[in-house]
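*Asks:* Take a look at this one; I'll ask things after.
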Amino acid sequence: MVQVKNIKNVMALKKTVLTLVLITKNNKILLGLKKRGFGMGKFNGFGGKLEAGETIEEAARRELFEESSLEVKSLEKIAVIDFSWQNKEQDLEVHVFHCDNFVGEPEESEEMKPEWFDIDNIPYKKMWDDDQYWFPVFLEGKKFKADFLFNKSDKIIEHKINVLPKNN
């Protein structure tokens, strides 16, 4: 693994806290094709920004429902991933959740078009570059903390993934 070096002035950084929910069922994973905005044209889990007064878990539940019409029965937090870019002063802190207990059938929204994929056939070439590194850790059922640094073209320069002890 590559050690992430903080090449930016820490005092100038602003962090945006986001959520990401990954849904699994019967050896399949539900991903959404982003139809607009940041990440448009890429498959991803479901999530987004916190609203005023929301907890991170409340935001995860709300965003999943808004983007897929699925209602969460239980969520398990599996990771926190920090994303930064060489050319941006805005970093992202993404809280990643797993859900295999939900109600409803996925429906397309204005933002996302849900699609089920076999766990063995995840469309990494149509996803963010970082997913190929941390998705396998998630699929092994491990919790982790990760850091990714991207260049101006959204290509990974450095990354680090730390698997957490089982009792975290």
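Scheme for the structure tokens: letters A, B, ... for chains in order shown; per-chain residue numbers from 1; ligand numbers from 1 in order shown.
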Per DSSP on the backbone, what are the helix (DSSP H, G or I) residues of segment 12-104 of chain A, as a list in words?
*Replies:* Ala12, Ile56, Glu57, Glu58, Ala59, Ala60, Arg61, Arg62, Glu63, Leu64, Phe65, Glu66, Glu67 and Ser68 of chain A
*Asks:* Could you turn the residues from that selection into a file that holds N, CA and C atoms, as a PDB file, in the first residue's frame?
*Replies:*
ATOM      1  N   ALA A  12      -6.324  25.091   5.060  1.00  0.00           N
ATOM      2  CA  ALA A  12      -7.175  25.595   3.984  1.00  0.00           C
ATOM      3  C   ALA A  12      -8.269  24.604   3.592  1.00  0.00           C
ATOM      4  N   ILE A  56     -25.661  11.222  10.730  1.00  0.00           N
ATOM      5  CA  ILE A  56     -25.127  10.575   9.526  1.00  0.00           C
ATOM      6  C   ILE A  56     -26.023   9.409   9.118  1.00  0.00           C
ATOM      7  N   GLU A  57     -26.485   8.624  10.077  1.00  0.00           N
ATOM      8  CA  GLU A  57     -27.349   7.481   9.740  1.00  0.00           C
ATOM      9  C   GLU A  57     -28.703   7.949   9.203  1.00  0.00           C
ATOM     10  N   GLU A  58     -29.262   8.994   9.767  1.00  0.00           N
ATOM     11  CA  GLU A  58     -30.533   9.531   9.260  1.00  0.00           C
ATOM     12  C   GLU A  58     -30.374   9.991   7.810  1.00  0.00           C
ATOM     13  N   ALA A  59     -29.258  10.636   7.507  1.00  0.00           N
ATOM     14  CA  ALA A  59     -28.997  11.090   6.135  1.00  0.00           C
ATOM     15  C   ALA A  59     -28.865   9.895   5.189  1.00  0.00           C
ATOM     16  N   ALA A  60     -28.193   8.850   5.637  1.00  0.00           N
ATOM     17  CA  ALA A  60     -28.024   7.659   4.806  1.00  0.00           C
ATOM     18  C   ALA A  60     -29.384   7.046   4.464  1.00  0.00           C
ATOM     19  N   ARG A  61     -30.239   6.924   5.463  1.00  0.00           N
ATOM     20  CA  ARG A  61     -31.578   6.363   5.250  1.00  0.00           C
ATOM     21  C   ARG A  61     -32.393   7.234   4.291  1.00  0.00           C
ATOM     22  N   ARG A  62     -32.364   8.544   4.516  1.00  0.00           N
ATOM     23  CA  ARG A  62     -33.135   9.470   3.677  1.00  0.00           C
ATOM     24  C   ARG A  62     -32.651   9.444   2.233  1.00  0.00           C
ATOM     25  N   GLU A  63     -31.325   9.533   2.057  1.00  0.00           N
ATOM     26  CA  GLU A  63     -30.768   9.562   0.700  1.00  0.00           C
ATOM     27  C   GLU A  63     -31.076   8.261  -0.051  1.00  0.00           C
ATOM     28  N   LEU A  64     -30.960   7.127   0.619  1.00  0.00           N
ATOM     29  CA  LEU A  64     -31.283   5.854  -0.036  1.00  0.00           C
ATOM     30  C   LEU A  64     -32.736   5.856  -0.490  1.00  0.00           C
ATOM     31  N   PHE A  65     -33.636   6.300   0.366  1.00  0.00           N
ATOM     32  CA  PHE A  65     -35.052   6.330   0.004  1.00  0.00           C
ATOM     33  C   PHE A  65     -35.301   7.281  -1.166  1.00  0.00           C
ATOM     34  N   GLU A  66     -34.719   8.495  -1.100  1.00  0.00           N
ATOM     35  CA  GLU A  66     -34.927   9.474  -2.173  1.00  0.00           C
ATOM     36  C   GLU A  66     -34.396   8.979  -3.517  1.00  0.00           C
ATOM     37  N   GLU A  67     -33.287   8.249  -3.497  1.00  0.00           N
ATOM     38  CA  GLU A  67     -32.639   7.843  -4.746  1.00  0.00           C
ATOM     39  C   GLU A  67     -33.101   6.486  -5.273  1.00  0.00           C
ATOM     40  N   SER A  68     -33.725   5.647  -4.419  1.00  0.00           N
ATOM     41  CA  SER A  68     -34.069   4.295  -4.869  1.00  0.00           C
ATOM     42  C   SER A  68     -35.452   3.818  -4.423  1.00  0.00           C
TER      43      SER A  68
END
*Asks:* Using only C-alpha atoms, which residues of segment 52-161 of chain A come within 8 Å of segment 32-37 of chain A, and what is the closest atom pair for each, with the distance in Å to one decimal? Give it as a Markdown table, sorted by chain and residue number.
*Replies:*
| residue | atom | partner | partner_atom | distance |
| --- | --- | --- | --- | --- |
| A:Glu110 | CA | A:Lys35 | CA | 7.2 |
| A:Glu111 | CA | A:Lys35 | CA | 5.2 |
| A:Met112 | CA | A:Lys34 | CA | 4.8 |
| A:Lys113 | CA | A:Leu33 | CA | 4.9 |
| A:Pro114 | CA | A:Gly32 | CA | 4.1 |
| A:Glu115 | CA | A:Gly32 | CA | 6.0 |
*Asks:* The selected residues should be written to file as a PDB file, in the first residue's frame (atoms: all heavy atoms).
*Replies:*
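Now in result_26.pdb:
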ATOM      1  N   GLU A 110     -34.953  10.820 -10.087  1.00  0.00           N
ATOM      2  CA  GLU A 110     -34.375  11.858 -10.947  1.00  0.00           C
ATOM      3  C   GLU A 110     -32.853  11.786 -10.951  1.00  0.00           C
ATOM      4  O   GLU A 110     -32.214  12.196 -11.907  1.00  0.00           O
ATOM      5  CB  GLU A 110     -34.818  13.245 -10.475  1.00  0.00           C
ATOM      6  CG  GLU A 110     -36.268  13.541 -10.719  1.00  0.00           C
ATOM      7  CD  GLU A 110     -36.654  14.948 -10.272  1.00  0.00           C
ATOM      8  OE1 GLU A 110     -35.760  15.785 -10.040  1.00  0.00           O
ATOM      9  OE2 GLU A 110     -37.864  15.203 -10.156  1.00  0.00           O
ATOM     10  N   GLU A 111     -32.285  11.251  -9.872  1.00  0.00           N
ATOM     11  CA  GLU A 111     -30.832  11.246  -9.716  1.00  0.00           C
ATOM     12  C   GLU A 111     -30.160   9.929 -10.068  1.00  0.00           C
ATOM     13  O   GLU A 111     -29.045   9.911 -10.568  1.00  0.00           O
ATOM     14  CB  GLU A 111     -30.481  11.616  -8.270  1.00  0.00           C
ATOM     15  CG  GLU A 111     -29.011  11.780  -8.068  1.00  0.00           C
ATOM     16  CD  GLU A 111     -28.683  12.862  -7.075  1.00  0.00           C
ATOM     17  OE1 GLU A 111     -29.569  13.628  -6.673  1.00  0.00           O
ATOM     18  OE2 GLU A 111     -27.508  12.945  -6.722  1.00  0.00           O
ATOM     19  N   MET A 112     -30.834   8.799  -9.788  1.00  0.00           N
ATOM     20  CA  MET A 112     -30.194   7.488  -9.927  1.00  0.00           C
ATOM     21  C   MET A 112     -31.099   6.488 -10.638  1.00  0.00           C
ATOM     22  O   MET A 112     -32.318   6.492 -10.444  1.00  0.00           O
ATOM     23  CB  MET A 112     -29.847   6.921  -8.543  1.00  0.00           C
ATOM     24  CG  MET A 112     -28.899   7.763  -7.722  1.00  0.00           C
ATOM     25  SD  MET A 112     -27.204   7.665  -8.285  1.00  0.00           S
ATOM     26  CE  MET A 112     -26.610   6.324  -7.269  1.00  0.00           C
ATOM     27  N   LYS A 113     -30.437   5.619 -11.409  1.00  0.00           N
ATOM     28  CA  LYS A 113     -31.130   4.505 -12.055  1.00  0.00           C
ATOM     29  C   LYS A 113     -30.572   3.216 -11.447  1.00  0.00           C
ATOM     30  O   LYS A 113     -29.459   2.795 -11.788  1.00  0.00           O
ATOM     31  CB  LYS A 113     -30.910   4.529 -13.563  1.00  0.00           C
ATOM     32  CG  LYS A 113     -31.624   3.414 -14.289  1.00  0.00           C
ATOM     33  CD  LYS A 113     -31.410   3.500 -15.784  1.00  0.00           C
ATOM     34  CE  LYS A 113     -32.119   2.332 -16.460  1.00  0.00           C
ATOM     35  NZ  LYS A 113     -31.880   2.365 -17.904  1.00  0.00           N
ATOM     36  N   PRO A 114     -31.308   2.563 -10.525  1.00  0.00           N
ATOM     37  CA  PRO A 114     -30.800   1.370  -9.844  1.00  0.00           C
ATOM     38  C   PRO A 114     -30.695   0.161 -10.770  1.00  0.00           C
ATOM     39  O   PRO A 114     -31.512  -0.019 -11.672  1.00  0.00           O
ATOM     40  CB  PRO A 114     -31.843   1.098  -8.759  1.00  0.00           C
ATOM     41  CG  PRO A 114     -32.695   2.310  -8.678  1.00  0.00           C
ATOM     42  CD  PRO A 114     -32.611   2.972 -10.006  1.00  0.00           C
ATOM     43  N   GLU A 115     -29.660  -0.665 -10.505  1.00  0.00           N
ATOM     44  CA  GLU A 115     -29.466  -1.898 -11.263  1.00  0.00           C
ATOM     45  C   GLU A 115     -28.731  -2.908 -10.376  1.00  0.00           C
ATOM     46  O   GLU A 115     -27.765  -2.573  -9.711  1.00  0.00           O
ATOM     47  CB  GLU A 115     -28.638  -1.606 -12.523  1.00  0.00           C
ATOM     48  CG  GLU A 115     -28.515  -2.771 -13.457  1.00  0.00           C
ATOM     49  CD  GLU A 115     -27.812  -2.413 -14.767  1.00  0.00           C
ATOM     50  OE1 GLU A 115     -27.814  -1.234 -15.161  1.00  0.00           O
ATOM     51  OE2 GLU A 115     -27.251  -3.335 -15.385  1.00  0.00           O
TER      52      GLU A 115
END
*Asks:* Excluding Ile23 of chain A and residues on its chain fewer than 2 positions from it, collect all residues at most 6 Å away from it, counting only C-alpha atoms, and give them as a PyMOL selection string.
*Replies:* chain A and resi 29-30+99-100
*Asks:* Using only C-alpha atoms, which residues sit within 7 Å of Asp91 of chain A once same-chain residues fewer than 2 positions away are excluded, as number ranges by chain?
*Replies:* A: 13-16, 83-84, 89, 93
*Asks:* Restricting the output to all heavy atoms, write the selected residues as a short mmCIF file (atom, residue, chain, number, x, y, z; two decimals), in the first residue's frame.
*Replies:*
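Below you can see result_25.cif, which holds the result:
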data_model
loop_
_atom_site.label_atom_id
_atom_site.label_comp_id
_atom_site.auth_asym_id
_atom_site.auth_seq_id
_atom_site.Cartn_x
_atom_site.Cartn_y
_atom_site.Cartn_z
N LEU A 13 -8.21 23.39 4.13
CA LEU A 13 -9.15 22.36 3.71
C LEU A 13 -10.52 22.52 4.36
O LEU A 13 -10.63 22.88 5.52
CB LEU A 13 -8.61 20.98 4.05
CG LEU A 13 -7.36 20.55 3.32
CD1 LEU A 13 -6.98 19.14 3.74
CD2 LEU A 13 -7.53 20.62 1.83
N LYS A 14 -11.54 22.19 3.59
CA LYS A 14 -12.91 22.13 4.09
C LYS A 14 -13.39 20.71 3.81
O LYS A 14 -13.17 20.17 2.73
CB LYS A 14 -13.79 23.14 3.37
CG LYS A 14 -13.38 24.57 3.62
CD LYS A 14 -14.23 25.50 2.81
CE LYS A 14 -13.71 26.93 2.96
NZ LYS A 14 -14.34 27.84 2.03
N LYS A 15 -14.07 20.11 4.78
CA LYS A 15 -14.58 18.75 4.60
C LYS A 15 -16.09 18.77 4.47
O LYS A 15 -16.78 19.41 5.24
CB LYS A 15 -14.21 17.87 5.80
CG LYS A 15 -12.95 17.13 5.61
CD LYS A 15 -12.82 16.03 6.63
CE LYS A 15 -11.45 15.41 6.40
NZ LYS A 15 -11.11 14.40 7.35
N THR A 16 -16.56 18.02 3.50
CA THR A 16 -17.98 17.78 3.34
C THR A 16 -18.24 16.36 3.78
O THR A 16 -17.58 15.43 3.29
CB THR A 16 -18.41 17.98 1.87
OG1 THR A 16 -18.13 19.32 1.49
CG2 THR A 16 -19.89 17.69 1.70
N PHE A 83 -11.63 11.43 0.81
CA PHE A 83 -11.22 11.71 -0.57
C PHE A 83 -10.71 13.13 -0.66
O PHE A 83 -11.34 14.05 -0.14
CB PHE A 83 -12.41 11.56 -1.53
CG PHE A 83 -12.99 10.18 -1.59
CD1 PHE A 83 -14.13 9.86 -0.87
CD2 PHE A 83 -12.39 9.20 -2.37
CE1 PHE A 83 -14.67 8.60 -0.93
CE2 PHE A 83 -12.93 7.93 -2.44
CZ PHE A 83 -14.07 7.62 -1.72
N SER A 84 -9.57 13.31 -1.32
CA SER A 84 -9.06 14.66 -1.57
C SER A 84 -8.49 14.72 -2.97
O SER A 84 -8.16 13.70 -3.58
CB SER A 84 -8.02 15.07 -0.52
OG SER A 84 -6.98 14.14 -0.46
N GLU A 89 -9.81 22.52 -2.67
CA GLU A 89 -9.66 22.74 -1.23
C GLU A 89 -10.79 22.07 -0.46
O GLU A 89 -10.86 22.15 0.75
CB GLU A 89 -9.63 24.24 -0.92
CG GLU A 89 -8.37 24.90 -1.42
CD GLU A 89 -8.28 26.36 -1.02
OE1 GLU A 89 -9.20 26.87 -0.36
OE2 GLU A 89 -7.28 26.98 -1.39
N GLU A 93 -15.56 13.41 3.26
CA GLU A 93 -15.50 12.37 4.28
C GLU A 93 -16.77 11.54 4.11
O GLU A 93 -17.87 12.01 4.43
CB GLU A 93 -15.45 12.99 5.67
CG GLU A 93 -15.45 11.97 6.79
CD GLU A 93 -15.46 12.64 8.15
OE1 GLU A 93 -14.40 13.17 8.55
OE2 GLU A 93 -16.54 12.63 8.80
#
